[in-house]
$ cat coords-v6.txt   # compact mmCIF, C-alpha atoms
# COMPACT_ATOMS: atom_id res chain seq x y z
CA MET A 269 33.27 -19.14 -9.87
CA ALA A 270 30.13 -17.18 -8.99
CA LYS A 271 28.01 -18.59 -6.19
CA ALA A 272 24.70 -20.04 -7.42
CA LYS A 273 21.66 -17.89 -6.71
CA ILE A 274 18.94 -19.03 -4.34
CA ARG A 275 16.08 -20.20 -6.57
CA VAL A 276 12.63 -19.29 -5.21
CA VAL A 277 9.09 -20.24 -6.23
CA VAL A 278 6.33 -17.92 -4.97
CA VAL A 279 2.91 -19.49 -4.28
CA ASP A 280 0.09 -17.03 -3.63
CA ASP A 281 -3.43 -16.63 -5.06
CA SER A 282 -3.05 -12.83 -5.20
CA ALA A 283 -1.56 -11.59 -8.48
CA LEU A 284 -0.45 -8.42 -6.66
CA VAL A 285 1.40 -10.34 -3.96
CA ARG A 286 3.02 -12.64 -6.53
CA SER A 287 4.21 -9.62 -8.49
CA LEU A 288 5.52 -7.81 -5.39
CA LEU A 289 7.36 -10.83 -4.01
CA THR A 290 8.85 -11.60 -7.41
CA GLU A 291 10.14 -8.05 -7.72
CA ILE A 292 11.54 -8.02 -4.15
CA ILE A 293 13.34 -11.33 -4.69
CA ASN A 294 14.74 -10.38 -8.09
CA ARG A 295 16.23 -7.15 -6.67
CA GLN A 296 18.66 -9.28 -4.69
CA GLN A 297 21.98 -10.26 -6.24
CA ASP A 298 21.99 -13.65 -4.53
CA MET A 299 18.48 -14.90 -5.38
CA GLU A 300 15.95 -15.10 -8.17
CA CYS A 301 12.26 -15.93 -8.45
CA VAL A 302 12.17 -18.81 -10.94
CA GLY A 303 8.39 -19.22 -10.85
CA ALA A 304 5.15 -17.88 -9.39
CA ALA A 305 2.03 -20.02 -8.95
CA ALA A 306 -1.54 -19.00 -8.16
CA ASP A 307 -2.43 -22.26 -6.40
CA PRO A 308 -0.75 -25.38 -4.99
CA LEU A 309 -1.62 -27.62 -7.93
CA VAL A 310 0.26 -25.34 -10.32
CA ALA A 311 3.01 -24.99 -7.72
CA ARG A 312 3.40 -28.76 -7.51
CA GLU A 313 4.29 -28.97 -11.18
CA MET A 314 6.59 -25.94 -10.92
CA ILE A 315 8.47 -27.48 -8.03
CA ARG A 316 8.86 -30.74 -9.90
CA GLU A 317 10.13 -28.95 -13.02
CA LEU A 318 12.20 -26.11 -11.51
CA ASN A 319 13.60 -27.74 -8.34
CA PRO A 320 13.71 -24.49 -6.29
CA ASP A 321 15.76 -24.02 -3.13
CA VAL A 322 12.95 -22.26 -1.22
CA ILE A 323 9.24 -21.63 -1.70
CA THR A 324 7.09 -18.90 -0.19
CA LEU A 325 3.61 -20.16 0.53
CA ASP A 326 0.32 -18.39 1.23
CA VAL A 327 -2.18 -20.10 3.53
CA GLU A 328 -5.57 -19.31 1.99
CA MET A 329 -5.70 -20.42 -1.64
CA PRO A 330 -8.15 -22.06 -4.05
CA ARG A 331 -8.28 -25.81 -4.85
CA MET A 332 -6.01 -26.75 -1.92
CA ASP A 333 -5.22 -24.66 1.16
CA GLY A 334 -1.63 -23.93 2.06
CA LEU A 335 -1.57 -26.17 5.14
CA GLU A 336 -2.71 -29.24 3.23
CA PHE A 337 -0.15 -28.54 0.52
CA LEU A 338 2.57 -28.00 3.13
CA SER A 339 1.69 -31.28 4.84
CA ARG A 340 1.99 -33.19 1.57
CA LEU A 341 5.18 -31.38 0.60
CA MET A 342 6.94 -32.10 3.90
CA ARG A 343 5.94 -35.76 3.71
CA LEU A 344 6.81 -36.39 0.07
CA ARG A 345 9.43 -33.79 -0.90
CA PRO A 346 10.73 -31.91 2.15
CA MET A 347 12.11 -28.48 1.29
CA PRO A 348 12.47 -25.05 2.93
CA VAL A 349 9.17 -23.15 3.11
CA VAL A 350 8.56 -19.57 4.28
CA MET A 351 4.87 -18.96 5.03
CA VAL A 352 3.21 -15.67 4.09
CA SER A 353 0.51 -15.13 6.73
CA THR A 354 -2.05 -12.47 7.54
CA LEU A 355 -1.54 -10.52 10.75
CA THR A 356 -4.71 -11.73 12.48
CA GLU A 357 -5.48 -14.02 15.42
CA GLN A 358 -6.59 -16.78 13.07
CA GLY A 359 -3.56 -16.14 10.87
CA ALA A 360 -1.29 -16.55 13.92
CA GLU A 361 -2.85 -19.91 14.84
CA ILE A 362 -2.57 -21.19 11.28
CA THR A 363 1.04 -20.00 11.07
CA LEU A 364 1.99 -21.85 14.26
CA ARG A 365 0.42 -24.96 12.78
CA ALA A 366 2.50 -24.48 9.63
CA LEU A 367 5.67 -24.26 11.74
CA GLU A 368 4.61 -27.46 13.50
CA MET A 369 4.29 -29.10 10.08
CA GLY A 370 7.82 -28.11 9.12
CA ALA A 371 7.75 -24.59 7.65
CA ILE A 372 11.03 -22.83 8.43
CA ASP A 373 9.66 -19.34 9.15
CA PHE A 374 6.91 -16.90 8.27
CA VAL A 375 6.29 -13.34 7.15
CA ALA A 376 3.20 -11.55 8.48
CA LYS A 377 1.73 -9.54 5.59
CA PRO A 378 -0.58 -6.63 6.41
CA ARG A 379 -4.33 -6.96 5.86
CA ILE A 380 -4.52 -3.51 4.24
CA GLY A 381 -1.95 -1.54 2.31
CA VAL A 382 -0.42 -4.78 1.03
CA SER A 383 1.79 -3.12 -1.60
CA GLY A 384 3.45 -0.64 0.74
CA GLY A 385 3.47 -3.13 3.60
CA LEU A 386 5.35 -5.81 1.66
CA GLN A 387 7.88 -3.27 0.41
CA GLU A 388 8.52 -2.22 4.02
CA LEU A 389 9.02 -5.91 4.86
CA ALA A 390 11.34 -6.52 1.90
CA GLY A 391 14.48 -6.78 4.05
CA GLU A 392 12.81 -9.24 6.44
CA ILE A 393 11.43 -11.31 3.56
CA VAL A 394 14.76 -11.79 1.80
CA ASP A 395 16.59 -12.41 5.10
CA LYS A 396 14.14 -15.21 5.88
CA ILE A 397 14.52 -16.69 2.41
CA ARG A 398 18.32 -16.69 2.85
CA THR A 399 17.97 -18.36 6.24
CA ALA A 400 15.54 -20.93 4.87
CA ALA A 401 17.98 -21.81 2.08
CA THR A 402 20.53 -22.88 4.73
CA ALA A 403 18.08 -24.69 7.01
CA HIS A 404 18.08 -28.39 7.87
CA VAL A 405 14.74 -29.69 6.60
CA ARG A 406 13.44 -33.02 7.85
CA ARG A 407 10.69 -35.25 6.50
CA ARG A 408 7.53 -34.82 8.56
CA GLU A 409 4.75 -37.27 9.23
CA PRO A 410 1.23 -35.89 8.67
CA VAL A 411 -0.12 -33.80 11.54
CA ALA A 412 -3.73 -34.46 12.51
CA PRO A 413 -5.96 -31.72 11.09
CA ALA A 414 -6.96 -28.96 13.47
CA ASN A 415 -10.66 -29.89 13.06
CA ALA A 416 -10.10 -33.54 13.99
CA THR A 417 -12.15 -32.94 17.14
CA SER A 418 -15.41 -31.12 17.65
CA VAL A 419 -13.55 -28.19 19.24
CA PRO A 420 -12.95 -25.27 16.83
CA SER A 421 -9.30 -24.77 15.93
CA HIS A 422 -9.28 -21.28 17.41
CA THR A 423 -10.46 -22.51 20.81
CA VAL A 424 -7.78 -22.86 23.46
CA ILE A 425 -8.30 -25.80 25.81
CA HIS A 426 -6.99 -25.00 29.28
CA HIS A 427 -6.35 -28.40 30.80
CA GLU A 428 -6.44 -28.63 34.57
CA LYS A 429 -2.86 -28.30 35.78
CA PRO A 430 -1.68 -30.29 38.78
CA ALA A 431 -0.90 -28.16 41.80
CA VAL A 432 2.78 -27.34 42.18
CA ALA A 433 4.34 -30.18 44.16
CA LEU A 434 6.61 -29.82 47.15
CA PRO A 435 10.02 -28.69 45.92
CA ARG A 436 11.96 -31.79 44.91
CA LEU A 437 13.68 -29.76 42.22
CA SER A 438 15.82 -26.72 42.84
CA THR A 439 13.02 -24.18 42.38
CA GLU A 440 15.10 -21.15 43.37
CA LYS A 441 16.62 -21.44 39.89
CA ILE A 442 15.19 -19.72 36.81
CA ILE A 443 15.59 -21.25 33.35
CA CYS A 444 16.25 -18.71 30.57
CA ILE A 445 15.64 -19.77 26.96
CA GLY A 446 16.55 -17.96 23.74
CA ALA A 447 15.51 -19.04 20.24
CA SER A 448 14.78 -17.79 16.73
CA THR A 449 14.26 -19.67 13.44
CA GLY A 450 12.91 -23.14 14.22
CA GLY A 451 12.44 -22.15 17.84
CA THR A 452 8.69 -22.58 18.23
CA GLU A 453 8.93 -26.35 17.92
CA ALA A 454 12.24 -26.52 19.80
CA ILE A 455 10.68 -24.64 22.73
CA ARG A 456 7.72 -27.04 22.71
CA GLU A 457 10.19 -29.94 22.86
CA VAL A 458 11.89 -28.38 25.90
CA LEU A 459 8.72 -27.39 27.78
CA THR A 460 6.39 -30.36 27.37
CA PRO A 461 8.46 -32.76 29.56
CA MET A 462 8.79 -30.19 32.35
CA PRO A 463 7.03 -31.32 35.55
CA PRO A 464 4.51 -29.05 37.27
CA ASP A 465 7.04 -28.22 40.00
CA ALA A 466 9.70 -27.06 37.54
CA PRO A 467 11.51 -23.81 38.24
CA ALA A 468 10.22 -20.66 36.56
CA ILE A 469 11.11 -20.38 32.87
CA VAL A 470 11.53 -17.14 30.90
CA ILE A 471 11.65 -17.25 27.11
CA THR A 472 12.58 -14.93 24.28
CA GLN A 473 11.58 -16.25 20.86
CA HIS A 474 12.00 -13.88 17.91
CA MET A 475 8.37 -13.32 16.93
CA PRO A 476 6.35 -10.25 15.89
CA ALA A 477 3.48 -8.71 17.83
CA GLY A 478 0.23 -10.57 17.37
CA PHE A 479 1.70 -14.07 17.33
CA THR A 480 3.05 -14.69 20.84
CA THR A 481 -0.43 -14.84 22.43
CA SER A 482 -1.39 -17.78 20.23
CA PHE A 483 2.04 -19.33 20.79
CA ALA A 484 1.70 -19.12 24.57
CA ASN A 485 -1.86 -20.48 24.48
CA ARG A 486 -0.81 -23.41 22.31
CA LEU A 487 2.03 -24.33 24.68
CA ASP A 488 -0.21 -23.91 27.73
CA SER A 489 -2.61 -26.48 26.30
CA LEU A 490 0.25 -28.98 25.84
CA CYS A 491 2.35 -28.52 28.99
CA LYS A 492 2.08 -29.53 32.65
CA ILE A 493 3.34 -26.07 33.62
CA ARG A 494 1.47 -22.84 33.02
CA VAL A 495 2.61 -20.95 29.90
CA GLN A 496 1.67 -17.32 29.28
CA GLU A 497 2.88 -14.06 27.80
CA ALA A 498 4.92 -12.10 30.31
CA ARG A 499 3.26 -9.04 31.84
CA ASN A 500 5.20 -6.05 33.14
CA GLY A 501 5.73 -6.16 36.91
CA GLU A 502 4.49 -9.74 37.20
CA ARG A 503 6.15 -11.96 39.79
CA ILE A 504 8.10 -14.88 38.27
CA LEU A 505 6.81 -18.11 39.85
CA PRO A 506 7.87 -21.77 39.78
CA GLY A 507 5.68 -24.00 37.61
CA HIS A 508 5.21 -21.19 35.08
CA ALA A 509 6.81 -20.20 31.77
CA TYR A 510 6.74 -16.58 30.60
CA ILE A 511 7.17 -15.67 26.92
CA ALA A 512 8.35 -12.23 25.79
CA PRO A 513 5.42 -10.57 23.99
CA GLY A 514 6.06 -9.95 20.29
CA GLY A 515 7.47 -6.48 19.70
CA HIS A 516 8.61 -6.08 23.34
CA HIS A 517 11.78 -6.93 25.23
CA LEU A 518 11.60 -9.09 28.34
CA ARG A 519 14.14 -8.76 31.14
CA LEU A 520 14.29 -9.76 34.78
CA SER A 521 14.44 -7.52 37.81
CA ARG A 522 14.43 -7.95 41.59
CA SER A 523 11.70 -6.71 43.91
CA GLY A 524 12.58 -7.53 47.49
CA SER A 525 12.96 -11.29 47.65
CA ASN A 526 11.06 -11.82 44.40
CA TYR A 527 12.02 -11.84 40.75
CA VAL A 528 9.70 -9.89 38.46
CA ALA A 529 9.26 -9.47 34.71
CA VAL A 530 10.00 -6.17 33.01
CA VAL A 531 8.30 -5.83 29.61
CA GLU A 532 9.28 -2.78 27.57
CA ASP A 533 9.23 -1.51 23.98
CA THR A 534 12.66 0.12 23.96
CA GLU A 535 14.87 0.13 20.86
CA PRO A 536 15.66 -3.17 19.08
CA VAL A 537 18.87 -4.91 20.12
CA ASN A 538 20.79 -6.87 17.47
CA ARG A 539 17.92 -5.83 15.16
CA HIS A 540 15.46 -7.76 17.31
CA ARG A 541 12.64 -6.86 19.67
CA PRO A 542 12.32 -9.05 21.67
CA SER A 543 16.04 -9.73 21.89
CA VAL A 544 17.67 -12.71 23.58
CA GLU A 545 20.58 -10.42 24.48
CA VAL A 546 18.28 -8.31 26.68
CA LEU A 547 16.89 -11.31 28.57
CA PHE A 548 20.23 -13.07 29.01
CA ARG A 549 22.08 -9.93 30.11
CA SER A 550 19.46 -9.29 32.78
CA ALA A 551 19.82 -12.91 33.90
CA ALA A 552 23.57 -12.42 34.29
CA GLN A 553 23.05 -9.24 36.31
CA VAL A 554 20.05 -10.29 38.42
CA LEU A 555 20.16 -14.09 38.74
CA GLY A 556 23.87 -14.92 38.67
CA PRO A 557 24.31 -18.57 39.73
CA ASN A 558 20.53 -19.00 40.05
CA ALA A 559 20.23 -18.96 36.25
CA ILE A 560 20.19 -21.88 33.84
CA GLY A 561 20.67 -20.81 30.22
CA ILE A 562 19.40 -22.63 27.13
CA MET A 563 20.23 -21.47 23.60
CA LEU A 564 18.13 -23.07 20.87
CA THR A 565 18.06 -23.00 17.06
CA GLY A 566 18.20 -19.64 15.28
CA MET A 567 20.02 -17.49 12.75
CA GLY A 568 22.52 -14.83 13.80
CA ALA A 569 24.32 -14.08 17.05
CA ASP A 570 21.59 -12.58 19.27
CA GLY A 571 22.21 -13.57 22.89
CA ALA A 572 25.63 -15.20 22.41
CA ALA A 573 27.67 -12.50 24.17
CA ALA A 574 25.14 -12.17 26.99
CA MET A 575 25.09 -15.94 27.45
CA ARG A 576 28.82 -15.77 28.09
CA GLU A 577 28.07 -13.06 30.67
CA MET A 578 25.61 -15.47 32.27
CA LYS A 579 28.31 -18.15 32.44
CA ASP A 580 30.80 -15.73 33.95
CA ALA A 581 28.18 -14.79 36.57
CA GLY A 582 27.72 -18.43 37.59
CA SER A 583 24.94 -19.71 35.29
CA TYR A 584 25.06 -23.26 33.91
CA ASN A 585 24.35 -23.21 30.16
CA TYR A 586 23.05 -25.69 27.59
CA VAL A 587 23.29 -25.17 23.82
CA GLN A 588 21.46 -27.14 21.14
CA ASP A 589 23.74 -29.13 18.86
CA GLU A 590 24.07 -28.59 15.11
CA ALA A 591 22.48 -31.88 14.03
CA SER A 592 19.16 -31.12 15.76
CA CYS A 593 18.99 -27.39 14.88
CA VAL A 594 16.91 -26.04 12.02
CA VAL A 595 19.52 -23.25 11.79
CA PHE A 596 22.82 -23.52 13.70
CA GLY A 597 23.51 -19.79 13.97
CA MET A 598 22.79 -18.57 17.49
CA PRO A 599 23.98 -21.84 19.08
CA ARG A 600 27.19 -21.77 17.03
CA MET A 601 27.92 -18.20 18.14
CA ALA A 602 27.20 -19.05 21.78
CA ILE A 603 29.71 -21.90 21.54
CA GLN A 604 32.28 -19.61 19.88
CA HIS A 605 31.84 -17.11 22.73
CA GLY A 606 32.67 -19.88 25.21
CA ALA A 607 29.17 -19.66 26.72
CA ALA A 608 28.27 -23.38 26.68
CA HIS A 609 28.85 -25.90 29.43
CA GLU A 610 27.08 -28.64 27.45
CA VAL A 611 26.13 -28.95 23.77
CA LEU A 612 23.30 -31.46 23.42
CA PRO A 613 20.71 -32.76 20.95
CA LEU A 614 17.36 -31.05 21.47
CA THR A 615 15.70 -34.13 22.98
CA GLN A 616 18.42 -34.42 25.64
CA ILE A 617 18.30 -30.85 26.93
CA THR A 618 15.31 -31.11 29.28
CA PRO A 619 16.41 -34.45 30.81
CA ALA A 620 19.86 -32.95 31.43
CA VAL A 621 18.37 -29.81 33.02
CA LEU A 622 16.04 -31.83 35.26
CA ALA A 623 18.84 -34.17 36.32
CA ARG A 624 21.01 -31.21 37.26
CA LEU A 625 18.18 -29.50 39.17
CA SER A 626 17.37 -32.70 41.03
CA ALA A 627 21.02 -33.22 41.93
CA THR A 628 21.31 -29.60 43.08
CA SER A 629 18.27 -29.91 45.35
CA THR A 630 19.64 -33.06 46.98
CA GLY A 631 23.11 -31.63 47.42
CA VAL A 632 24.82 -33.74 44.73
CA ARG A 633 27.51 -31.79 42.94
CA HIS A 634 27.71 -31.78 39.14
CA ARG A 635 31.09 -31.68 37.53
CA ILE A 636 31.48 -28.72 35.14

$ encode --input "coords-v6.txt" --output "structure tokens"
Amino acid sequence: MAKAKIRVVVVDDSALVRSLLTEIINRQQDMECVGAAADPLVAREMIRELNPDVITLDVEMPRMDGLEFLSRLMRLRPMPVVMVSTLTEQGAEITLRALEMGAIDFVAKPRIGVSGGLQELAGEIVDKIRTAATAHVRRREPVAPANATSVPSHTVIHHEKPAVALPRLSTEKIICIGASTGGTEAIREVLTPMPPDAPAIVITQHMPAGFTTSFANRLDSLCKIRVQEARNGERILPGHAYIAPGGHHLRLSRSGSNYVAVVEDTEPVNRHRPSVEVLFRSAAQVLGPNAIGIMLTGMGADGAAAMREMKDAGSYNYVQDEASCVVFGMPRMAIQHGAAHEVLPLTQITPAVLARLSATSTGVRHRI
């Protein structure tokens, strides 16, 4: 019996984009575009009638913008959504908000040369639709609108951070995090409970250039630690989190007694740049037992083999469990590689890490 095709509804106010996405989807043997809507009100009826597996959703549309429609959809009829965003600073901020509301992933369409640009992105688009079709979608409560305060949505509020406290945690450690699909919200869940004296944190989240600046700024406004894009040659400090810039790998190196960030635009690894494999392998080679590994939600196997290398070098590793993942791909592969010491729900990862760090700093041994 033939496997059922992934049924997709395209929602975009541009007739050109609707036509291009429809053609790209229908070229695939395992999916079909069952409908294309010019605005959310038409899309609402299509979804009700056609019951698609995935929708692609533009942000800026007439009669109801994409974020408002997404908010209603995730509250009333949760389903996998792939956002189609413009590659601009404002587009990045809106996209991150869509992910916060429950969108599975996004595609950054070019501002000019849309026809050729979307064709170049065809492989990425259909891969993300396939991933979305397998994702665990949860009902979301409404998120307060970005203009709920008098501060413009594009303004980043840098809250005063407490000074780094005297080391009660084991601050010679460095926490290394890898994530992909669903990772932006998973990373927020891990970082926001971190105290200001937490060890340094280095992060690779699969994300294109132009989006990681907004991602880092958003996290910095929410966290007690400092969060920023990593800069080449920068010293890695406790109380800070460093995110691999989109389109660049991040790895760790040693400079005297200090750890430093190396940011480079070398070839993609496992089809990704940044790649979790690059960060985790450097952690195995440079940090050894001073590393703590965390593998979060994501499709594929990027970082799984290198996480096992981290374990073999003395790292202690946490992997997100299937029930709390949006996509249980990268965590599953890490487990299959024997890289995990503990497999935990997302909400339990940070408490477990902090308990281990606290025990390490006071000389209490953890059983492995």

$ closest_residue --input "coords-v6.txt" --among "A:Gln387, A:Thr534, A:Thr290, A:Asn585" --to "A:Thr324" --atoms "all atoms listed in the file"
A:Thr290

$ closest_residue --input "coords-v6.txt" --among "A:Ser287, A:Thr480, A:Gln473, A:Thr449" --to "A:Leu386" --atoms "all atoms listed in the file"
A:Ser287

$ closest_residue --input "coords-v6.txt" --among "A:Arg398, A:Arg494, A:Arg600, A:Arg406" --to "A:Ile274" --atoms "all atoms listed in the file"
A:Arg398

$ residues_around --input "coords-v6.txt" --residues "A:Val611" --least-positions-apart "4" --cutoff "6 Å" --atoms "all atoms listed in the file" --output "VMD selection string"
chain A and resid 586 to 589

$ atom_distance --input "coords-v6.txt" --atom1 "atom CA of A:Leu367" --atom2 "atom CA of A:Glu545"
24.0 Å

$ atom_distance --input "coords-v6.txt" --atom1 "atom CA of A:Val349" --atom2 "atom CA of A:Ala366"
9.4 Å

$ residues_near_point --input "coords-v6.txt" --point "(22.6, -34.3, 24.3)" --cutoff "12 Å" --atoms "all atoms listed in the file" --output "ChimeraX atom specification"
/A:586-592,609-621

$ closest_residue --input "coords-v6.txt" --among "A:Val495, A:Ile511, A:Val285, A:Ala454" --to "A:Val352" --atoms "all atoms listed in the file"
A:Val285

$ residues_around --input "coords-v6.txt" --residues "A:Arg316" --least-positions-apart "3" --cutoff "12 Å" --atoms "all atoms listed in the file" --output "list in words"
Val277, Gly303, Leu309, Val310, Ala311, Arg312, Glu313, Asn319, Pro320, Asp321, Leu341, Leu344, Arg345 and Met347 of chain A

$ residues_around --input "coords-v6.txt" --residues "A:Gly507" --least-positions-apart "5" --cutoff "6 Å" --atoms "all atoms listed in the file" --output "PDB file with C-alpha atoms, in the frame of the given file"
ATOM      1  CA  PRO A 464       4.510 -29.050  37.270  1.00  0.00           C
ATOM      2  CA  ASP A 465       7.040 -28.220  40.000  1.00  0.00           C
ATOM      3  CA  ALA A 466       9.700 -27.060  37.540  1.00  0.00           C
ATOM      4  CA  PRO A 467      11.510 -23.810  38.240  1.00  0.00           C
ATOM      5  CA  ALA A 468      10.220 -20.660  36.560  1.00  0.00           C
ATOM      6  CA  ILE A 493       3.340 -26.070  33.620  1.00  0.00           C
TER       7      ILE A 493
END

$ closest_atom_pairs --input "coords-v6.txt" --of "stretch 270-308 of chain A" --to "stretch 326-337 of chain A" --cutoff "9 Å" --atoms "all atoms listed in the file" --output "tab-separated table"
residue	atom	partner	partner_atom	distance
A:Val278	CA	A:Asp326	CA	8.6
A:Val279	CA	A:Asp326	CA	6.2
A:Asp280	CA	A:Asp326	CA	5.1
A:Asp281	CA	A:Met329	CA	5.6
A:Ser282	CA	A:Met329	CA	8.8
A:Ala306	CA	A:Met329	CA	7.9
A:Asp307	CA	A:Met329	CA	6.1
A:Pro308	CA	A:Met332	CA	6.2

$ closest_residue --input "coords-v6.txt" --among "A:Asn294, A:Ser521, A:Thr472, A:Ser353" --to "A:Ala390" --atoms "only C-alpha atoms"
A:Asn294

$ closest_residue --input "coords-v6.txt" --among "A:Ala371, A:Arg365, A:Cys444, A:Arg576" --to "A:Ala401" --atoms "only C-alpha atoms"
A:Ala371

$ decode --input "coords-v6.txt" --residues "stretch 460-467 of chain A" --atoms "all heavy atoms" --output "compact mmCIF listing (two decimals), in the first residue's frame"
# COMPACT_ATOMS: atom_id res chain seq x y z
N THR A 460 16.74 30.38 30.60
CA THR A 460 16.11 31.36 31.51
C THR A 460 16.26 31.01 32.99
O THR A 460 16.38 31.93 33.81
CB THR A 460 14.63 31.58 31.15
OG1 THR A 460 13.96 30.33 30.99
CG2 THR A 460 14.50 32.40 29.88
N PRO A 461 16.30 29.73 33.40
CA PRO A 461 16.52 29.48 34.84
C PRO A 461 17.98 29.57 35.28
O PRO A 461 18.25 29.47 36.48
CB PRO A 461 16.01 28.03 35.02
CG PRO A 461 15.35 27.64 33.75
CD PRO A 461 15.96 28.49 32.69
N MET A 462 18.90 29.74 34.36
CA MET A 462 20.32 29.76 34.72
C MET A 462 20.63 30.98 35.59
O MET A 462 20.25 32.11 35.26
CB MET A 462 21.19 29.80 33.47
CG MET A 462 21.24 28.50 32.68
SD MET A 462 22.19 27.23 33.55
CE MET A 462 21.99 25.84 32.42
N PRO A 463 21.33 30.77 36.72
CA PRO A 463 21.68 31.90 37.59
C PRO A 463 22.80 32.73 36.97
O PRO A 463 23.50 32.27 36.07
CB PRO A 463 22.16 31.19 38.86
CG PRO A 463 22.70 29.88 38.39
CD PRO A 463 21.83 29.48 37.22
N PRO A 464 23.00 33.94 37.46
CA PRO A 464 24.02 34.80 36.86
C PRO A 464 25.44 34.27 37.00
O PRO A 464 26.33 34.68 36.26
CB PRO A 464 23.86 36.14 37.61
CG PRO A 464 23.10 35.79 38.85
CD PRO A 464 22.25 34.63 38.52
N ASP A 465 25.66 33.35 37.96
CA ASP A 465 27.01 32.79 38.13
C ASP A 465 27.15 31.42 37.45
O ASP A 465 28.03 30.64 37.79
CB ASP A 465 27.37 32.68 39.61
CG ASP A 465 26.41 31.78 40.39
OD1 ASP A 465 25.32 31.47 39.85
OD2 ASP A 465 26.73 31.40 41.53
N ALA A 466 26.27 31.15 36.49
CA ALA A 466 26.35 29.87 35.76
C ALA A 466 27.66 29.78 34.98
O ALA A 466 28.25 30.80 34.61
CB ALA A 466 25.17 29.75 34.80
N PRO A 467 28.11 28.57 34.72
CA PRO A 467 29.27 28.42 33.84
C PRO A 467 28.98 28.99 32.45
O PRO A 467 27.83 29.20 32.08
CB PRO A 467 29.47 26.90 33.77
CG PRO A 467 28.76 26.36 34.95
CD PRO A 467 27.61 27.27 35.20
